[in-house]
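Shown next: coords_10.pdb, containing PDB, C-alpha atoms, pLDDT in the B column.
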```
MODEL        1
ATOM      1  CA  MET A 282      -7.926  14.457 -26.593  1.00 46.00           C
ATOM      2  CA  THR A 283      -9.803  11.880 -28.678  1.00 47.00           C
ATOM      3  CA  ARG A 284      -6.607   9.951 -29.378  1.00 53.00           C
ATOM      4  CA  ALA A 285      -5.725   9.845 -25.671  1.00 51.00           C
ATOM      5  CA  TYR A 286      -9.203   8.563 -24.852  1.00 52.00           C
ATOM      6  CA  ARG A 287      -8.979   5.851 -27.493  1.00 54.00           C
ATOM      7  CA  SER A 288      -5.530   4.858 -26.295  1.00 67.00           C
ATOM      8  CA  THR A 289      -6.712   4.604 -22.686  1.00 78.00           C
ATOM      9  CA  THR A 290      -9.737   2.552 -23.697  1.00 81.00           C
ATOM     10  CA  ARG A 291      -7.585   0.239 -25.786  1.00 79.00           C
ATOM     11  CA  ASP A 292      -5.139  -0.229 -22.910  1.00 80.00           C
ATOM     12  CA  GLU A 293      -7.979  -1.012 -20.509  1.00 86.00           C
ATOM     13  CA  ARG A 294      -9.419  -3.573 -22.908  1.00 88.00           C
ATOM     14  CA  ALA A 295      -6.017  -5.181 -23.399  1.00 86.00           C
ATOM     15  CA  ARG A 296      -5.530  -5.383 -19.649  1.00 89.00           C
ATOM     16  CA  ALA A 297      -8.983  -6.889 -19.164  1.00 91.00           C
ATOM     17  CA  THR A 298      -8.238  -9.482 -21.828  1.00 92.00           C
ATOM     18  CA  ARG A 299      -4.914 -10.297 -20.234  1.00 92.00           C
ATOM     19  CA  ARG A 300      -6.590 -10.645 -16.841  1.00 93.00           C
ATOM     20  CA  THR A 301      -9.144 -13.059 -18.262  1.00 94.00           C
ATOM     21  CA  VAL A 302      -6.502 -15.101 -20.051  1.00 95.00           C
ATOM     22  CA  VAL A 303      -4.283 -15.373 -16.981  1.00 95.00           C
ATOM     23  CA  ALA A 304      -7.168 -16.245 -14.650  1.00 95.00           C
ATOM     24  CA  THR A 305      -8.385 -18.898 -17.079  1.00 96.00           C
ATOM     25  CA  ALA A 306      -4.895 -20.361 -17.368  1.00 96.00           C
ATOM     26  CA  ALA A 307      -4.573 -20.524 -13.589  1.00 96.00           C
ATOM     27  CA  GLU A 308      -7.836 -22.457 -13.331  1.00 96.00           C
ATOM     28  CA  LEU A 309      -6.767 -24.909 -16.022  1.00 97.00           C
ATOM     29  CA  PHE A 310      -3.292 -25.405 -14.566  1.00 97.00           C
ATOM     30  CA  VAL A 311      -4.836 -26.352 -11.219  1.00 96.00           C
ATOM     31  CA  ARG A 312      -7.613 -28.476 -12.703  1.00 96.00           C
ATOM     32  CA  ASP A 313      -5.780 -30.236 -15.524  1.00 96.00           C
ATOM     33  CA  GLY A 314      -2.108 -29.913 -14.649  1.00 95.00           C
ATOM     34  CA  TRP A 315       0.869 -28.423 -16.456  1.00 95.00           C
ATOM     35  CA  THR A 316       1.104 -30.863 -19.365  1.00 94.00           C
ATOM     36  CA  ALA A 317      -2.581 -30.928 -20.293  1.00 95.00           C
ATOM     37  CA  THR A 318      -2.984 -27.147 -20.165  1.00 96.00           C
ATOM     38  CA  THR A 319      -2.068 -26.024 -23.663  1.00 96.00           C
ATOM     39  CA  LEU A 320      -2.272 -22.553 -25.164  1.00 96.00           C
ATOM     40  CA  ASP A 321      -5.135 -23.790 -27.343  1.00 96.00           C
ATOM     41  CA  ALA A 322      -6.975 -25.037 -24.256  1.00 96.00           C
ATOM     42  CA  VAL A 323      -6.546 -21.679 -22.543  1.00 96.00           C
ATOM     43  CA  ALA A 324      -7.743 -19.843 -25.646  1.00 96.00           C
ATOM     44  CA  ALA A 325     -10.843 -22.030 -25.945  1.00 96.00           C
ATOM     45  CA  ALA A 326     -11.733 -21.671 -22.264  1.00 96.00           C
ATOM     46  CA  ALA A 327     -11.174 -17.906 -22.324  1.00 95.00           C
ATOM     47  CA  GLY A 328     -13.137 -17.466 -25.530  1.00 95.00           C
ATOM     48  CA  VAL A 329     -10.269 -15.882 -27.448  1.00 95.00           C
ATOM     49  CA  SER A 330      -7.841 -16.912 -30.177  1.00 95.00           C
ATOM     50  CA  ARG A 331      -4.515 -18.604 -29.569  1.00 95.00           C
ATOM     51  CA  ARG A 332      -2.810 -15.511 -30.957  1.00 95.00           C
ATOM     52  CA  THR A 333      -4.617 -13.376 -28.386  1.00 95.00           C
ATOM     53  CA  VAL A 334      -3.324 -15.587 -25.605  1.00 95.00           C
ATOM     54  CA  VAL A 335       0.239 -15.262 -26.866  1.00 94.00           C
ATOM     55  CA  ASN A 336      -0.059 -11.505 -27.367  1.00 92.00           C
ATOM     56  CA  ALA A 337      -1.624 -11.018 -23.943  1.00 89.00           C
ATOM     57  CA  ALA A 338       0.740 -13.097 -21.870  1.00 87.00           C
ATOM     58  CA  GLY A 339       3.367 -14.892 -23.939  1.00 85.00           C
ATOM     59  CA  GLY A 340       4.046 -18.608 -23.977  1.00 91.00           C
ATOM     60  CA  LYS A 341       2.986 -21.242 -21.510  1.00 94.00           C
ATOM     61  CA  PRO A 342       5.735 -20.620 -18.903  1.00 95.00           C
ATOM     62  CA  ALA A 343       4.973 -16.885 -19.045  1.00 95.00           C
ATOM     63  CA  LEU A 344       1.302 -17.648 -18.448  1.00 95.00           C
ATOM     64  CA  LEU A 345       2.152 -19.690 -15.366  1.00 96.00           C
ATOM     65  CA  SER A 346       4.485 -16.963 -14.107  1.00 96.00           C
ATOM     66  CA  LEU A 347       1.814 -14.283 -14.488  1.00 95.00           C
ATOM     67  CA  ALA A 348      -0.790 -16.529 -12.886  1.00 95.00           C
ATOM     68  CA  TRP A 349       1.534 -17.042  -9.943  1.00 96.00           C
ATOM     69  CA  ASP A 350       2.218 -13.323  -9.533  1.00 94.00           C
ATOM     70  CA  HIS A 351      -1.472 -12.433  -9.697  1.00 93.00           C
ATOM     71  CA  THR A 352      -2.352 -15.222  -7.272  1.00 93.00           C
ATOM     72  CA  LEU A 353       0.180 -14.145  -4.675  1.00 91.00           C
ATOM     73  CA  VAL A 354      -1.208 -10.633  -4.297  1.00 89.00           C
ATOM     74  CA  GLY A 355      -4.785 -11.365  -5.338  1.00 89.00           C
ATOM     75  CA  ASP A 356      -5.014  -9.070  -8.366  1.00 88.00           C
ATOM     76  CA  ASP A 357      -3.106  -7.663 -11.327  1.00 84.00           C
ATOM     77  CA  GLU A 358      -2.424  -4.221  -9.904  1.00 85.00           C
ATOM     78  CA  PRO A 359       1.229  -3.130 -10.344  1.00 82.00           C
ATOM     79  CA  VAL A 360       1.726  -2.821  -6.583  1.00 85.00           C
ATOM     80  CA  PRO A 361       4.494  -4.919  -4.952  1.00 83.00           C
ATOM     81  CA  MET A 362       3.698  -7.038  -1.919  1.00 84.00           C
ATOM     82  CA  ALA A 363       5.798  -4.768   0.303  1.00 83.00           C
ATOM     83  CA  GLU A 364       3.387  -1.918  -0.397  1.00 87.00           C
ATOM     84  CA  ARG A 365       0.199  -3.890   0.198  1.00 91.00           C
ATOM     85  CA  PRO A 366      -2.192  -3.214   3.125  1.00 93.00           C
ATOM     86  CA  ALA A 367      -1.397  -6.593   4.711  1.00 93.00           C
ATOM     87  CA  VAL A 368       2.250  -5.585   5.094  1.00 94.00           C
ATOM     88  CA  ALA A 369       1.243  -2.161   6.392  1.00 95.00           C
ATOM     89  CA  ARG A 370      -0.794  -3.873   9.121  1.00 95.00           C
ATOM     90  CA  ILE A 371       2.268  -5.884  10.158  1.00 97.00           C
ATOM     91  CA  LEU A 372       4.467  -2.798  10.302  1.00 95.00           C
ATOM     92  CA  ALA A 373       1.833  -0.921  12.290  1.00 95.00           C
ATOM     93  CA  ARG A 374       2.083  -3.374  15.199  1.00 95.00           C
ATOM     94  CA  THR A 375       4.464  -2.319  17.933  1.00 93.00           C
ATOM     95  CA  ASP A 376       4.415  -5.582  19.898  1.00 96.00           C
ATOM     96  CA  PRO A 377       6.181  -8.699  18.597  1.00 97.00           C
ATOM     97  CA  ALA A 378       3.287 -11.065  19.342  1.00 97.00           C
ATOM     98  CA  GLY A 379       0.855  -8.784  17.546  1.00 97.00           C
ATOM     99  CA  ALA A 380       3.214  -8.451  14.592  1.00 98.00           C
ATOM    100  CA  VAL A 381       3.444 -12.238  14.330  1.00 98.00           C
ATOM    101  CA  ALA A 382      -0.356 -12.538  14.377  1.00 98.00           C
ATOM    102  CA  ALA A 383      -0.636  -9.930  11.604  1.00 98.00           C
ATOM    103  CA  TRP A 384       2.063 -11.759   9.630  1.00 98.00           C
ATOM    104  CA  VAL A 385       0.152 -15.025   9.981  1.00 98.00           C
ATOM    105  CA  ASP A 386      -2.986 -13.318   8.700  1.00 97.00           C
ATOM    106  CA  MET A 387      -1.076 -12.315   5.581  1.00 96.00           C
ATOM    107  CA  VAL A 388       0.547 -15.731   5.208  1.00 97.00           C
ATOM    108  CA  VAL A 389      -2.750 -17.619   5.495  1.00 97.00           C
ATOM    109  CA  GLY A 390      -4.341 -15.330   2.920  1.00 95.00           C
ATOM    110  CA  VAL A 391      -1.496 -15.888   0.478  1.00 95.00           C
ATOM    111  CA  GLN A 392      -1.367 -19.627   1.096  1.00 95.00           C
ATOM    112  CA  GLY A 393      -5.107 -19.947   0.593  1.00 94.00           C
ATOM    113  CA  ARG A 394      -4.816 -18.364  -2.831  1.00 93.00           C
ATOM    114  CA  ALA A 395      -1.499 -19.829  -3.885  1.00 93.00           C
ATOM    115  CA  ALA A 396      -1.385 -23.386  -2.503  1.00 92.00           C
ATOM    116  CA  PRO A 397      -3.069 -25.083  -5.506  1.00 92.00           C
ATOM    117  CA  LEU A 398      -0.891 -23.291  -8.061  1.00 95.00           C
ATOM    118  CA  ALA A 399       2.237 -23.869  -5.979  1.00 94.00           C
ATOM    119  CA  ALA A 400       1.632 -27.604  -6.269  1.00 92.00           C
ATOM    120  CA  VAL A 401       1.476 -27.233 -10.060  1.00 95.00           C
ATOM    121  CA  ILE A 402       4.765 -25.330 -10.094  1.00 96.00           C
ATOM    122  CA  ASP A 403       6.470 -27.931  -7.912  1.00 94.00           C
ATOM    123  CA  ALA A 404       5.394 -30.731 -10.241  1.00 93.00           C
ATOM    124  CA  ALA A 405       6.184 -28.919 -13.490  1.00 95.00           C
ATOM    125  CA  ALA A 406       9.574 -27.671 -12.310  1.00 95.00           C
ATOM    126  CA  ASP A 407      10.936 -31.203 -12.654  1.00 92.00           C
ATOM    127  CA  VAL A 408      10.150 -31.307 -16.372  1.00 93.00           C
ATOM    128  CA  ASP A 409      10.438 -27.696 -17.545  1.00 95.00           C
ATOM    129  CA  ALA A 410      13.475 -25.456 -17.065  1.00 96.00           C
ATOM    130  CA  ASP A 411      11.442 -22.251 -17.258  1.00 96.00           C
ATOM    131  CA  VAL A 412       9.120 -23.421 -14.505  1.00 96.00           C
ATOM    132  CA  ALA A 413      12.134 -24.465 -12.451  1.00 97.00           C
ATOM    133  CA  ALA A 414      13.416 -20.908 -12.799  1.00 97.00           C
ATOM    134  CA  LEU A 415      10.019 -19.619 -11.678  1.00 96.00           C
ATOM    135  CA  ARG A 416      10.157 -21.851  -8.618  1.00 96.00           C
ATOM    136  CA  ASP A 417      13.650 -20.577  -7.808  1.00 96.00           C
ATOM    137  CA  ARG A 418      12.445 -16.979  -8.146  1.00 96.00           C
ATOM    138  CA  ALA A 419       9.483 -17.659  -5.897  1.00 95.00           C
ATOM    139  CA  GLU A 420      11.745 -19.172  -3.236  1.00 94.00           C
ATOM    140  CA  THR A 421      14.145 -16.233  -3.445  1.00 95.00           C
ATOM    141  CA  GLU A 422      11.325 -13.714  -3.096  1.00 94.00           C
ATOM    142  CA  ARG A 423       9.783 -15.623  -0.219  1.00 94.00           C
ATOM    143  CA  LEU A 424      13.116 -15.684   1.606  1.00 96.00           C
ATOM    144  CA  ALA A 425      13.519 -11.943   1.043  1.00 95.00           C
ATOM    145  CA  GLY A 426      10.094 -11.401   2.578  1.00 95.00           C
ATOM    146  CA  ALA A 427      10.964 -13.594   5.555  1.00 96.00           C
ATOM    147  CA  ARG A 428      14.174 -11.631   6.108  1.00 97.00           C
ATOM    148  CA  ALA A 429      12.302  -8.334   5.951  1.00 96.00           C
ATOM    149  CA  PHE A 430       9.803  -9.595   8.524  1.00 97.00           C
ATOM    150  CA  ALA A 431      12.601 -10.879  10.771  1.00 97.00           C
ATOM    151  CA  ALA A 432      14.310  -7.497  10.583  1.00 96.00           C
ATOM    152  CA  HIS A 433      11.063  -5.827  11.616  1.00 96.00           C
ATOM    153  CA  LEU A 434      10.651  -8.172  14.575  1.00 97.00           C
ATOM    154  CA  ALA A 435      14.224  -7.393  15.619  1.00 96.00           C
ATOM    155  CA  THR A 436      13.368  -3.684  15.787  1.00 96.00           C
ATOM    156  CA  LEU A 437      10.542  -4.542  18.194  1.00 96.00           C
ATOM    157  CA  ASP A 438      12.693  -6.916  20.266  1.00 96.00           C
ATOM    158  CA  PRO A 439      16.447  -6.324  19.826  1.00 94.00           C
ATOM    159  CA  ASP A 440      17.233  -9.597  21.610  1.00 95.00           C
ATOM    160  CA  LEU A 441      15.785 -11.612  18.733  1.00 96.00           C
ATOM    161  CA  ASP A 442      18.282 -13.095  16.285  1.00 95.00           C
ATOM    162  CA  PRO A 443      16.998 -12.139  12.807  1.00 95.00           C
ATOM    163  CA  GLY A 444      18.946 -14.886  11.033  1.00 95.00           C
ATOM    164  CA  PRO A 445      17.180 -17.888  12.602  1.00 96.00           C
ATOM    165  CA  VAL A 446      13.926 -15.934  12.717  1.00 97.00           C
ATOM    166  CA  ALA A 447      14.084 -15.427   8.944  1.00 97.00           C
ATOM    167  CA  ASP A 448      14.854 -19.095   8.323  1.00 96.00           C
ATOM    168  CA  LEU A 449      11.935 -20.199  10.485  1.00 97.00           C
ATOM    169  CA  ALA A 450       9.525 -17.676   8.931  1.00 97.00           C
ATOM    170  CA  TRP A 451      10.600 -18.842   5.469  1.00 96.00           C
ATOM    171  CA  THR A 452       9.917 -22.447   6.468  1.00 95.00           C
ATOM    172  CA  LEU A 453       6.515 -21.727   8.001  1.00 95.00           C
ATOM    173  CA  ASN A 454       5.506 -19.762   4.923  1.00 94.00           C
ATOM    174  CA  ASP A 455       6.251 -22.426   2.310  1.00 89.00           C
ATOM    175  CA  GLY A 456       2.621 -23.543   1.997  1.00 88.00           C
ATOM    176  CA  THR A 457       3.250 -27.202   2.759  1.00 90.00           C
ATOM    177  CA  SER A 458       1.446 -27.153   6.088  1.00 93.00           C
ATOM    178  CA  TYR A 459      -1.532 -25.359   4.514  1.00 95.00           C
ATOM    179  CA  ARG A 460      -1.828 -27.944   1.755  1.00 93.00           C
ATOM    180  CA  ARG A 461      -1.554 -30.817   4.189  1.00 94.00           C
ATOM    181  CA  LEU A 462      -3.828 -29.555   6.958  1.00 96.00           C
ATOM    182  CA  VAL A 463      -6.409 -27.463   5.110  1.00 96.00           C
ATOM    183  CA  VAL A 464      -6.499 -28.989   1.625  1.00 92.00           C
ATOM    184  CA  LEU A 465      -5.791 -32.647   2.427  1.00 93.00           C
ATOM    185  CA  ARG A 466      -6.999 -33.001   6.016  1.00 96.00           C
ATOM    186  CA  GLY A 467      -9.883 -30.576   5.768  1.00 96.00           C
ATOM    187  CA  TRP A 468      -8.996 -28.263   8.632  1.00 97.00           C
ATOM    188  CA  PRO A 469     -11.079 -25.067   8.776  1.00 98.00           C
ATOM    189  CA  VAL A 470      -8.944 -22.067   7.855  1.00 97.00           C
ATOM    190  CA  ASP A 471      -9.573 -20.443  11.256  1.00 97.00           C
ATOM    191  CA  ARG A 472      -8.260 -23.518  13.032  1.00 98.00           C
ATOM    192  CA  TYR A 473      -5.191 -23.554  10.812  1.00 98.00           C
ATOM    193  CA  ARG A 474      -4.595 -19.869  11.479  1.00 98.00           C
ATOM    194  CA  GLU A 475      -4.783 -20.380  15.265  1.00 98.00           C
ATOM    195  CA  TRP A 476      -2.314 -23.252  15.025  1.00 98.00           C
ATOM    196  CA  LEU A 477       0.079 -21.251  12.877  1.00 98.00           C
ATOM    197  CA  VAL A 478      -0.054 -18.255  15.243  1.00 98.00           C
ATOM    198  CA  THR A 479       0.865 -20.540  18.140  1.00 97.00           C
ATOM    199  CA  VAL A 480       3.690 -22.242  16.251  1.00 97.00           C
ATOM    200  CA  ALA A 481       5.035 -18.973  14.829  1.00 97.00           C
ATOM    201  CA  ARG A 482       5.091 -17.212  18.190  1.00 97.00           C
ATOM    202  CA  CYS A 483       6.769 -20.161  19.890  1.00 96.00           C
ATOM    203  CA  SER A 484       9.349 -20.468  17.122  1.00 95.00           C
ATOM    204  CA  LEU A 485      10.081 -16.904  16.088  1.00 96.00           C
ATOM    205  CA  LEU A 486       9.884 -15.080  19.401  1.00 96.00           C
ATOM    206  CA  THR A 487      12.177 -17.519  21.204  1.00 93.00           C
ATOM    207  CA  SER A 488      15.054 -17.271  18.714  1.00 90.00           C
ATOM    208  CA  ARG A 489      17.350 -15.208  20.912  1.00 87.00           C
ATOM    209  CA  ARG A 490      20.836 -13.962  20.256  1.00 81.00           C
ATOM    210  CA  THR A 491      23.484 -16.161  21.834  1.00 75.00           C
ATOM    211  CA  SER A 492      26.107 -13.481  22.395  1.00 59.00           C
TER     212      SER A 492
ENDMDL
END
```
What does this structure look like when you write it as structure tokens?
Amino acid sequence: MTRAYRSTTRDERARATRRTVVATAAELFVRDGWTATTLDAVAAAAGVSRRTVVNAAGGKPALLSLAWDHTLVGDDEPVPMAERPAVARILARTDPAGAVAAWVDMVVGVQGRAAPLAAVIDAAADVDADVAALRDRAETERLAGARAFAAHLATLDPDLDPGPVADLAWTLNDGTSYRRLVVLRGWPVDRYREWLVTVARCSLLTSRRTS
């Protein structure tokens, strides 16, 4: 019993350390950029040794990958996006327009967290093969999510064509519009959300089957 307790405590401490290291790395990547954020810099900012950083998360590309994964869902819980409450709220809607609004809520939440780090990944992917692979994985996962959402919309309205719907959802969810309108142009998030709901409904719910 004592050994199990000690093991659980040790695991919890290791996870807490990893969480701190990854969160610190994410802040430095956004603030200082990919090149300037070294393992030593992360260790110093997190108040741990370089060895602890490596043991907790791996090398620099692994740190960025973990930071990206944690940022997307908002925590380090081992729960995939498909099982998150935001997705459950989308699936609970029985009307297409309501489902789109719930999807936009999820998208805006993700974009708000991920937009700064996504810009880092885009820039670093041109100079680091591991980061390029991370960007490719992120795009693949985002497309899979768009296809799942399109399939759900098609169950609510069988006349919708899920292929174009998925492509459009994937495009609207790439974070570019958030970075441009909210980050660069200073739009309030609520205004951006209202705009995205309007654009998404007009785009997704009018993509009808042609035969």
For this session: List the residues selected by the PyMOL selection byres ((chain A and resi 461-470) around 12) in the file shown, writing them as a list in words.
Result: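 Residues picked by the PyMOL selection byres ((chain A and resi 461-470) around 12): Val385, Asp386, Val388, Val389, Gly390, Gln392, Gly393, Arg394, Ala395, Ala396, Pro397, Ala400, Asp455, Gly456, Thr457, Ser458, Tyr459, Arg460, Asp471, Arg472, Tyr473, Arg474, Glu475, Trp476 and Leu477 of chain A.
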Exercise. Can you list, as a ChimeraX atom specification, every protein, DNA or RNA residue that comes within 12 Å of range 305-313 of chain A when you count all atoms listed in the file, leaving out same-chain residues fewer than 2 positions away?
Worked result: /A:298-303,315-329,334-335,337-353,394-405
Exercise. How many Å separate CA of Trp451 in chain A from CA of Arg423 in chain A?
Worked result: 6.6 Å
Exercise. How would you write, as a list in words, the residues chosen by the PyMOL selection byres ((chain A and resi 486) around 9) on this structure?
Worked result: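 Evaluating the PyMOL selection byres ((chain A and resi 486) around 9) on these coordinates yields Pro377, Ala378, Val381, Leu434, Asp438, Leu441, Val446, Ala481, Arg482, Cys483, Ser484, Leu485, Thr487, Ser488 and Arg489 of chain A.
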May I have the selected residues written with C-alpha atoms, as a PDB file, in the frame of the given file?
```pdb
ATOM      1  CA  PRO A 377       6.181  -8.699  18.597  1.00 97.00           C
ATOM      2  CA  ALA A 378       3.287 -11.065  19.342  1.00 97.00           C
ATOM      3  CA  VAL A 381       3.444 -12.238  14.330  1.00 98.00           C
ATOM      4  CA  LEU A 434      10.651  -8.172  14.575  1.00 97.00           C
ATOM      5  CA  ASP A 438      12.693  -6.916  20.266  1.00 96.00           C
ATOM      6  CA  LEU A 441      15.785 -11.612  18.733  1.00 96.00           C
ATOM      7  CA  VAL A 446      13.926 -15.934  12.717  1.00 97.00           C
ATOM      8  CA  ALA A 481       5.035 -18.973  14.829  1.00 97.00           C
ATOM      9  CA  ARG A 482       5.091 -17.212  18.190  1.00 97.00           C
ATOM     10  CA  CYS A 483       6.769 -20.161  19.890  1.00 96.00           C
ATOM     11  CA  SER A 484       9.349 -20.468  17.122  1.00 95.00           C
ATOM     12  CA  LEU A 485      10.081 -16.904  16.088  1.00 96.00           C
ATOM     13  CA  THR A 487      12.177 -17.519  21.204  1.00 93.00           C
ATOM     14  CA  SER A 488      15.054 -17.271  18.714  1.00 90.00           C
ATOM     15  CA  ARG A 489      17.350 -15.208  20.912  1.00 87.00           C
TER      16      ARG A 489
END
```
Seminar exercise, completed: One residue among A:Ala382, A:Ala373, A:Val408, A:Ala447 is nearest to Thr479 in chain A when using all atoms listed in the file, and that residue is A:Ala382
Exercise. Taking all atoms listed in the file into account, which of A:Val391, A:Arg365, A:Ala419, A:Asp356 comes nearest Arg296 in chain A?
Worked result: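 The answer is A:Asp356, which sits nearest to Arg296 in chain A.
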Seminar exercise, completed: Shortest contact to Thr333 in chain A, candidates A:Ala295, A:Ala425, A:Ala367, A:Pro359, atoms counted all atoms listed in the file, goes to A:Ala295
For this session: Tell me which of A:Ala383, A:Ala427, A:Leu437, A:Ala304 sits closest to Asp357 in chain A, counting all atoms listed in the file.
Result: A:Ala304
For this session: Determine the nearest neighbour of Gly426 in chain A from the options A:Val360, A:Val478, A:Leu372, A:Ala450, counting only C-alpha atoms.
Result: A:Ala450
Problem set entry | Distance of CA of Thr452 in chain A from CA of Met362 in chain A, expressed in Å to one decimal place |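 The value is 18.6 Å.
Relative to CA of Ala380 in chain A, CA of Ala435 in chain A is found at 11.1 Å.
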Exercise. Restricting the calculation to all atoms listed in the file, which member of A:Ala410, A:Glu422, A:Thr491, A:Arg416 is positioned closest to Pro445 in chain A?
Worked result: A:Thr491
Reconstruct range 474-491 of chain A at the level of N, CA, C and O atoms, and format the result as an mmCIF file, in the frame of the given file.
```cif
data_model
loop_
_atom_site.group_PDB
_atom_site.id
_atom_site.type_symbol
_atom_site.label_atom_id
_atom_site.label_comp_id
_atom_site.auth_asym_id
_atom_site.auth_seq_id
_atom_site.Cartn_x
_atom_site.Cartn_y
_atom_site.Cartn_z
ATOM 1 N N ARG A 474 -5.190 -21.142 11.097
ATOM 2 C CA ARG A 474 -4.595 -19.869 11.479
ATOM 3 C C ARG A 474 -4.201 -19.864 12.959
ATOM 4 O O ARG A 474 -3.107 -19.429 13.325
ATOM 5 N N GLU A 475 -5.087 -20.340 13.827
ATOM 6 C CA GLU A 475 -4.783 -20.380 15.265
ATOM 7 C C GLU A 475 -3.562 -21.242 15.533
ATOM 8 O O GLU A 475 -2.694 -20.889 16.349
ATOM 9 N N TRP A 476 -3.479 -22.375 14.849
ATOM 10 C CA TRP A 476 -2.314 -23.252 15.025
ATOM 11 C C TRP A 476 -1.041 -22.562 14.562
ATOM 12 O O TRP A 476 -0.017 -22.602 15.251
ATOM 13 N N LEU A 477 -1.114 -21.892 13.412
ATOM 14 C CA LEU A 477 0.079 -21.251 12.877
ATOM 15 C C LEU A 477 0.515 -20.077 13.747
ATOM 16 O O LEU A 477 1.724 -19.843 13.912
ATOM 17 N N VAL A 478 -0.424 -19.342 14.312
ATOM 18 C CA VAL A 478 -0.054 -18.255 15.243
ATOM 19 C C VAL A 478 0.708 -18.827 16.425
ATOM 20 O O VAL A 478 1.751 -18.293 16.837
ATOM 21 N N THR A 479 0.201 -19.921 16.982
ATOM 22 C CA THR A 479 0.865 -20.540 18.140
ATOM 23 C C THR A 479 2.265 -21.019 17.787
ATOM 24 O O THR A 479 3.239 -20.740 18.500
ATOM 25 N N VAL A 480 2.387 -21.721 16.668
ATOM 26 C CA VAL A 480 3.690 -22.242 16.251
ATOM 27 C C VAL A 480 4.650 -21.105 15.925
ATOM 28 O O VAL A 480 5.824 -21.139 16.312
ATOM 29 N N ALA A 481 4.170 -20.091 15.219
ATOM 30 C CA ALA A 481 5.035 -18.973 14.829
ATOM 31 C C ALA A 481 5.531 -18.203 16.040
ATOM 32 O O ALA A 481 6.710 -17.845 16.119
ATOM 33 N N ARG A 482 4.656 -17.945 16.993
ATOM 34 C CA ARG A 482 5.091 -17.212 18.190
ATOM 35 C C ARG A 482 6.111 -18.025 18.980
ATOM 36 O O ARG A 482 7.127 -17.481 19.430
ATOM 37 N N CYS A 483 5.836 -19.313 19.134
ATOM 38 C CA CYS A 483 6.769 -20.161 19.890
ATOM 39 C C CYS A 483 8.116 -20.270 19.192
ATOM 40 O O CYS A 483 9.160 -20.324 19.848
ATOM 41 N N SER A 484 8.112 -20.287 17.879
ATOM 42 C CA SER A 484 9.349 -20.468 17.122
ATOM 43 C C SER A 484 10.106 -19.154 16.939
ATOM 44 O O SER A 484 11.307 -19.061 17.233
ATOM 45 N N LEU A 485 9.407 -18.148 16.462
ATOM 46 C CA LEU A 485 10.081 -16.904 16.088
ATOM 47 C C LEU A 485 10.482 -16.065 17.290
ATOM 48 O O LEU A 485 11.582 -15.494 17.313
ATOM 49 N N LEU A 486 9.632 -15.999 18.286
ATOM 50 C CA LEU A 486 9.884 -15.080 19.401
ATOM 51 C C LEU A 486 10.786 -15.669 20.470
ATOM 52 O O LEU A 486 11.095 -15.005 21.464
ATOM 53 N N THR A 487 11.230 -16.915 20.252
ATOM 54 C CA THR A 487 12.177 -17.519 21.204
ATOM 55 C C THR A 487 13.568 -17.681 20.580
ATOM 56 O O THR A 487 14.447 -18.273 21.217
ATOM 57 N N SER A 488 13.736 -17.175 19.382
ATOM 58 C CA SER A 488 15.054 -17.271 18.714
ATOM 59 C C SER A 488 15.925 -16.096 19.169
ATOM 60 O O SER A 488 15.955 -15.034 18.541
ATOM 61 N N ARG A 489 16.594 -16.293 20.275
ATOM 62 C CA ARG A 489 17.350 -15.208 20.912
ATOM 63 C C ARG A 489 18.811 -15.220 20.481
ATOM 64 O O ARG A 489 19.377 -16.254 20.109
ATOM 65 N N ARG A 490 19.402 -14.068 20.533
ATOM 66 C CA ARG A 490 20.836 -13.962 20.256
ATOM 67 C C ARG A 490 21.612 -14.717 21.324
ATOM 68 O O ARG A 490 21.257 -14.701 22.497
ATOM 69 N N THR A 491 22.701 -15.353 20.898
ATOM 70 C CA THR A 491 23.484 -16.161 21.834
ATOM 71 C C THR A 491 24.685 -15.422 22.396
ATOM 72 O O THR A 491 25.398 -15.928 23.242
#
```
